[in-house]
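Shown next: protein-v6.cif, containing mmCIF, N, CA and C atoms.
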```cif
data_structure
#
loop_
_atom_site.label_atom_id
_atom_site.label_comp_id
_atom_site.auth_asym_id
_atom_site.auth_seq_id
_atom_site.Cartn_x
_atom_site.Cartn_y
_atom_site.Cartn_z
N MET A 22 0.84 -1.17 0.00
CA MET A 22 0.00 0.00 0.00
C MET A 22 0.89 1.24 0.00
N ILE A 23 0.58 2.17 -0.87
CA ILE A 23 1.37 3.38 -1.00
C ILE A 23 1.00 4.40 0.08
N PHE A 24 -0.29 4.57 0.35
CA PHE A 24 -0.73 5.57 1.32
C PHE A 24 -1.80 4.98 2.22
N ASP A 25 -1.60 5.09 3.51
CA ASP A 25 -2.58 4.60 4.48
C ASP A 25 -2.99 5.77 5.37
N PRO A 26 -4.21 6.32 5.16
CA PRO A 26 -4.62 7.49 5.95
C PRO A 26 -4.69 7.22 7.45
N GLU A 27 -4.85 5.97 7.86
CA GLU A 27 -4.90 5.64 9.29
C GLU A 27 -3.58 5.94 9.98
N ILE A 28 -2.48 5.88 9.23
CA ILE A 28 -1.17 6.16 9.82
C ILE A 28 -1.08 7.62 10.22
N TYR A 29 -1.63 8.48 9.43
CA TYR A 29 -1.52 9.92 9.68
C TYR A 29 -2.63 10.38 10.63
N CYS A 30 -3.76 10.72 10.13
CA CYS A 30 -4.91 10.95 11.00
C CYS A 30 -6.19 10.98 10.20
N THR A 31 -7.24 10.61 10.89
CA THR A 31 -8.56 10.51 10.30
C THR A 31 -9.53 11.32 11.15
N ALA A 32 -10.42 12.05 10.48
CA ALA A 32 -11.47 12.77 11.20
C ALA A 32 -12.55 11.75 11.57
N ALA A 33 -12.62 11.42 12.86
CA ALA A 33 -13.53 10.37 13.32
C ALA A 33 -14.91 10.90 13.70
N GLU A 34 -14.99 12.17 14.10
CA GLU A 34 -16.26 12.71 14.60
C GLU A 34 -16.17 14.23 14.66
N THR A 35 -17.29 14.88 14.44
CA THR A 35 -17.36 16.33 14.64
C THR A 35 -18.43 16.64 15.68
N ARG A 36 -18.22 17.73 16.40
CA ARG A 36 -19.20 18.19 17.40
C ARG A 36 -19.28 19.70 17.33
N GLU A 37 -20.45 20.21 17.70
CA GLU A 37 -20.66 21.65 17.71
C GLU A 37 -21.34 22.04 19.02
N LEU A 38 -20.84 23.08 19.63
CA LEU A 38 -21.46 23.67 20.81
C LEU A 38 -21.95 25.04 20.36
N ASP A 39 -23.23 25.30 20.52
CA ASP A 39 -23.79 26.58 20.10
C ASP A 39 -24.80 27.03 21.14
N GLY A 40 -24.43 28.03 21.93
CA GLY A 40 -25.33 28.52 22.97
C GLY A 40 -24.69 28.49 24.34
N LYS A 41 -25.48 28.09 25.34
CA LYS A 41 -25.01 28.14 26.72
C LYS A 41 -25.06 26.79 27.43
N ASP A 42 -25.35 25.71 26.70
CA ASP A 42 -25.42 24.38 27.31
C ASP A 42 -24.04 23.74 27.37
N ALA A 43 -23.71 23.14 28.52
CA ALA A 43 -22.43 22.46 28.68
C ALA A 43 -22.38 21.22 27.79
N VAL A 44 -21.17 20.83 27.39
CA VAL A 44 -20.98 19.65 26.56
C VAL A 44 -19.68 18.96 26.97
N THR A 45 -19.65 17.64 26.82
CA THR A 45 -18.43 16.88 27.06
C THR A 45 -18.03 16.19 25.76
N LEU A 46 -16.79 16.42 25.35
CA LEU A 46 -16.25 15.77 24.15
C LEU A 46 -15.58 14.48 24.60
N ALA A 47 -16.07 13.35 24.08
CA ALA A 47 -15.56 12.05 24.50
C ALA A 47 -15.13 11.24 23.28
N GLY A 48 -14.43 10.15 23.53
CA GLY A 48 -13.98 9.26 22.47
C GLY A 48 -12.47 9.31 22.35
N ALA A 49 -11.88 8.21 21.90
CA ALA A 49 -10.43 8.11 21.77
C ALA A 49 -9.92 9.02 20.67
N GLY A 50 -8.79 9.66 20.92
CA GLY A 50 -8.17 10.50 19.91
C GLY A 50 -7.93 11.91 20.41
N LEU A 51 -7.52 12.76 19.49
CA LEU A 51 -7.21 14.16 19.76
C LEU A 51 -8.37 15.04 19.32
N TRP A 52 -8.88 15.84 20.24
CA TRP A 52 -9.92 16.81 19.89
C TRP A 52 -9.24 18.13 19.54
N ALA A 53 -9.65 18.72 18.42
CA ALA A 53 -9.16 20.03 18.00
C ALA A 53 -10.38 20.85 17.59
N GLY A 54 -10.46 22.07 18.09
CA GLY A 54 -11.62 22.89 17.77
C GLY A 54 -11.29 24.36 17.82
N VAL A 55 -12.20 25.15 17.29
CA VAL A 55 -12.04 26.60 17.33
C VAL A 55 -13.28 27.22 17.98
N LEU A 56 -13.01 28.13 18.91
CA LEU A 56 -14.08 28.86 19.58
C LEU A 56 -14.29 30.14 18.79
N SER A 57 -15.37 30.19 18.03
CA SER A 57 -15.59 31.33 17.14
C SER A 57 -16.36 32.47 17.78
N ARG A 58 -16.98 32.20 18.94
CA ARG A 58 -17.76 33.25 19.60
C ARG A 58 -17.83 32.96 21.10
N GLY A 59 -17.70 34.01 21.91
CA GLY A 59 -17.93 33.90 23.34
C GLY A 59 -16.74 33.43 24.16
N GLU A 60 -17.05 33.02 25.40
CA GLU A 60 -16.06 32.48 26.34
C GLU A 60 -16.55 31.14 26.86
N CYS A 61 -15.61 30.19 26.98
CA CYS A 61 -15.97 28.84 27.41
C CYS A 61 -14.90 28.31 28.35
N LEU A 62 -15.32 27.74 29.47
CA LEU A 62 -14.40 27.20 30.47
C LEU A 62 -14.16 25.73 30.19
N LEU A 63 -12.89 25.34 30.14
CA LEU A 63 -12.49 23.95 29.99
C LEU A 63 -12.14 23.44 31.38
N GLU A 64 -12.82 22.36 31.80
CA GLU A 64 -12.61 21.82 33.15
C GLU A 64 -11.13 21.59 33.41
N GLY A 65 -10.66 22.09 34.56
CA GLY A 65 -9.27 21.92 34.95
C GLY A 65 -8.38 23.11 34.62
N LEU A 66 -8.90 24.07 33.86
CA LEU A 66 -8.12 25.26 33.52
C LEU A 66 -8.77 26.49 34.14
N ALA A 67 -7.93 27.42 34.59
CA ALA A 67 -8.45 28.64 35.22
C ALA A 67 -8.91 29.66 34.18
N ARG A 68 -8.18 29.76 33.07
CA ARG A 68 -8.51 30.76 32.05
C ARG A 68 -9.50 30.19 31.06
N PRO A 69 -10.63 30.88 30.86
CA PRO A 69 -11.57 30.40 29.85
C PRO A 69 -11.05 30.68 28.45
N GLY A 70 -11.46 29.84 27.51
CA GLY A 70 -11.16 30.11 26.12
C GLY A 70 -11.98 31.30 25.66
N GLN A 71 -11.41 32.08 24.76
CA GLN A 71 -12.09 33.26 24.24
C GLN A 71 -12.20 33.16 22.73
N SER A 72 -13.08 33.95 22.17
CA SER A 72 -13.33 33.92 20.74
C SER A 72 -12.01 33.94 19.95
N GLY A 73 -11.85 32.98 19.06
CA GLY A 73 -10.65 32.85 18.25
C GLY A 73 -9.66 31.84 18.77
N ASP A 74 -9.79 31.41 20.03
CA ASP A 74 -8.87 30.42 20.60
C ASP A 74 -9.10 29.04 20.00
N ILE A 75 -8.04 28.24 20.01
CA ILE A 75 -8.10 26.88 19.51
C ILE A 75 -8.00 25.92 20.69
N LEU A 76 -8.86 24.91 20.70
CA LEU A 76 -8.89 23.90 21.75
C LEU A 76 -8.13 22.67 21.27
N LEU A 77 -7.24 22.14 22.11
CA LEU A 77 -6.51 20.91 21.80
C LEU A 77 -6.49 20.03 23.04
N GLY A 78 -6.75 18.73 22.87
CA GLY A 78 -6.64 17.84 24.01
C GLY A 78 -7.31 16.51 23.82
N PRO A 79 -6.97 15.57 24.73
CA PRO A 79 -7.60 14.26 24.73
C PRO A 79 -8.93 14.32 25.47
N SER A 80 -9.79 13.36 25.20
CA SER A 80 -11.07 13.31 25.92
C SER A 80 -10.87 12.68 27.30
N PRO A 81 -11.78 12.89 28.20
CA PRO A 81 -12.98 13.72 28.05
C PRO A 81 -12.64 15.20 28.29
N LEU A 82 -13.25 16.05 27.48
CA LEU A 82 -13.12 17.49 27.63
C LEU A 82 -14.48 18.05 28.02
N ALA A 83 -14.60 18.52 29.26
CA ALA A 83 -15.86 19.08 29.74
C ALA A 83 -15.82 20.59 29.54
N LEU A 84 -16.73 21.09 28.71
CA LEU A 84 -16.78 22.50 28.36
C LEU A 84 -18.04 23.15 28.92
N THR A 85 -17.86 24.27 29.61
CA THR A 85 -18.98 25.01 30.18
C THR A 85 -18.94 26.44 29.67
N PRO A 86 -19.90 26.82 28.83
CA PRO A 86 -19.93 28.20 28.32
C PRO A 86 -20.09 29.20 29.46
N GLN A 87 -19.33 30.29 29.39
CA GLN A 87 -19.45 31.39 30.35
C GLN A 87 -20.36 32.48 29.78
N THR A 88 -20.44 32.53 28.46
CA THR A 88 -21.33 33.43 27.73
C THR A 88 -21.90 32.61 26.58
N ASP A 89 -22.79 33.20 25.80
CA ASP A 89 -23.28 32.54 24.60
C ASP A 89 -22.08 32.28 23.70
N CYS A 90 -21.82 31.02 23.36
CA CYS A 90 -20.61 30.73 22.59
C CYS A 90 -20.86 29.72 21.48
N HIS A 91 -19.89 29.64 20.59
CA HIS A 91 -19.95 28.70 19.47
C HIS A 91 -18.58 28.06 19.32
N LEU A 92 -18.55 26.72 19.31
CA LEU A 92 -17.32 25.95 19.15
C LEU A 92 -17.60 24.84 18.16
N VAL A 93 -16.69 24.66 17.21
CA VAL A 93 -16.75 23.53 16.29
C VAL A 93 -15.48 22.72 16.54
N ALA A 94 -15.64 21.40 16.74
CA ALA A 94 -14.50 20.55 17.06
C ALA A 94 -14.53 19.27 16.24
N VAL A 95 -13.35 18.72 16.02
CA VAL A 95 -13.21 17.45 15.32
C VAL A 95 -12.33 16.52 16.16
N ARG A 96 -12.72 15.24 16.21
CA ARG A 96 -11.90 14.24 16.92
C ARG A 96 -11.06 13.53 15.88
N LEU A 97 -9.74 13.63 16.04
CA LEU A 97 -8.79 13.02 15.11
C LEU A 97 -8.23 11.74 15.71
N THR A 98 -8.15 10.70 14.89
CA THR A 98 -7.57 9.43 15.33
C THR A 98 -6.47 9.03 14.35
N GLY A 99 -5.67 8.06 14.75
CA GLY A 99 -4.57 7.58 13.91
C GLY A 99 -3.25 7.74 14.64
N LEU A 100 -2.20 7.20 14.06
CA LEU A 100 -0.90 7.21 14.72
C LEU A 100 -0.35 8.62 14.93
N CYS A 101 -0.59 9.50 13.98
CA CYS A 101 -0.11 10.88 14.12
C CYS A 101 -0.79 11.58 15.30
N ALA A 102 -2.11 11.41 15.40
CA ALA A 102 -2.85 12.01 16.52
C ALA A 102 -2.39 11.41 17.85
N ASP A 103 -2.18 10.09 17.87
CA ASP A 103 -1.70 9.43 19.09
C ASP A 103 -0.33 9.95 19.52
N ALA A 104 0.57 10.13 18.56
CA ALA A 104 1.91 10.64 18.87
C ALA A 104 1.84 12.06 19.43
N TYR A 105 0.97 12.88 18.87
CA TYR A 105 0.81 14.25 19.36
C TYR A 105 0.28 14.23 20.80
N LEU A 106 -0.69 13.36 21.07
CA LEU A 106 -1.24 13.26 22.42
C LEU A 106 -0.18 12.86 23.44
N LEU A 107 0.72 11.95 23.06
CA LEU A 107 1.78 11.53 23.97
C LEU A 107 2.70 12.69 24.33
N SER A 108 2.95 13.57 23.39
CA SER A 108 3.86 14.69 23.66
C SER A 108 3.14 15.88 24.29
N MET A 109 1.82 15.90 24.22
CA MET A 109 1.05 17.05 24.65
C MET A 109 0.86 17.16 26.16
N GLY A 110 0.46 16.11 26.79
CA GLY A 110 0.16 16.19 28.22
C GLY A 110 -1.29 16.55 28.47
N THR A 111 -1.53 17.77 28.94
CA THR A 111 -2.88 18.18 29.33
C THR A 111 -3.58 19.00 28.24
N PRO A 112 -4.91 19.01 28.26
CA PRO A 112 -5.66 19.83 27.30
C PRO A 112 -5.36 21.31 27.50
N CYS A 113 -5.55 22.10 26.45
CA CYS A 113 -5.26 23.53 26.56
C CYS A 113 -6.04 24.34 25.53
N TRP A 114 -6.11 25.62 25.80
CA TRP A 114 -6.57 26.61 24.83
C TRP A 114 -5.31 27.23 24.24
N VAL A 115 -5.22 27.30 22.94
CA VAL A 115 -4.13 28.00 22.27
C VAL A 115 -4.66 29.38 21.92
N MET A 116 -4.00 30.40 22.47
CA MET A 116 -4.50 31.76 22.29
C MET A 116 -4.40 32.19 20.83
N ALA A 117 -5.43 32.88 20.39
CA ALA A 117 -5.48 33.38 19.02
C ALA A 117 -4.45 34.49 18.84
N ARG A 118 -3.86 34.52 17.69
CA ARG A 118 -2.92 35.57 17.33
C ARG A 118 -3.50 36.33 16.14
N PRO A 119 -3.40 37.65 16.14
CA PRO A 119 -3.92 38.39 14.99
C PRO A 119 -3.11 38.07 13.73
N VAL A 120 -3.81 38.00 12.63
CA VAL A 120 -3.17 37.75 11.34
C VAL A 120 -2.84 39.10 10.71
N PRO A 121 -1.57 39.29 10.31
CA PRO A 121 -1.21 40.58 9.71
C PRO A 121 -2.00 40.82 8.42
N ALA A 122 -2.35 42.07 8.20
CA ALA A 122 -3.08 42.42 6.98
C ALA A 122 -2.18 42.24 5.77
N ARG A 123 -2.77 41.77 4.70
CA ARG A 123 -2.02 41.58 3.46
C ARG A 123 -2.00 42.89 2.69
N ARG A 124 -0.85 43.19 2.15
CA ARG A 124 -0.75 44.39 1.32
C ARG A 124 -0.94 43.99 -0.13
N SER A 125 -1.70 44.83 -0.85
CA SER A 125 -1.92 44.49 -2.26
C SER A 125 -0.90 45.11 -3.16
#
```

Can I see the file as structure tokens?
Amino acid sequence: MIFDPEIYCTAAETRELDGKDAVTLAGAGLWAGVLSRGECLLEGLARPGQSGDILLGPSPLALTPQTDCHLVAVRLTGLCADAYLLSMGTPCWVMARPVPARRS
């Protein structure tokens, strides 16, 4: 076999949080998501995620909105996702960085 997508990573599941209801992301693999609106608390962390932040971590991830929020997440599986999880440790919010404006 020339290419085996299972070796790299596969999108196993998607989830969406929209509003103020708490949600738990479960299942084997690496969860990656973007918080596009609002503030959301990730269990075990003091700082809530804010609009534009990226969520990374293994399940279970218990998310409690602090304001009306929107999060889209995907659960990635495969050897690449597993290797990342081994090096990662604990779940986290990756703070958003502004993208420089493009000059025409």

Extract, using only C-alpha atoms, all DNA, RNA and protein residues at most 10 Å from range 48-60 of chain A, discarding same-chain residues fewer than 4 positions from it, and format them as an NGL selection string.
:A and (30-41 or 68-82 or 85-106 or 112 or 114-115 or 117)

Go through chain A and collect every residue that DSSP, computed from the backbone, puts in alpha helix (DSSP H); the answer should be as a list of chain:residue names.
A:Pro26, A:Glu27, A:Ile28, A:Tyr29, A:Leu100, A:Cys101, A:Ala102, A:Asp103, A:Ala104, A:Tyr105, A:Leu106, A:Leu107, A:Ser108, A:Met109

Å distance separating atom N of Leu63 in chain A from atom N of Met109 in chain A, one decimal place
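It comes out at 18.5 Å.
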
Step by step, gather every atom of range 68-86 of chain A that the file lists, find the box along x, y and z that holds them, add 8 Å on each side, and finally give centre and edge lengths in Å to one decimal, as AutoDock Vina command-line options.
```
--center_x -13.3 --center_y 23.3 --center_z 25.7 --size_x 29.6 --size_y 37.3 --size_z 30.8
```

Just the number, please: distance in Å from atom C of Ala83 in chain A to atom C of Ile28 in chain A, one decimal.
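Between these atoms lies a distance of 27.5 Å.
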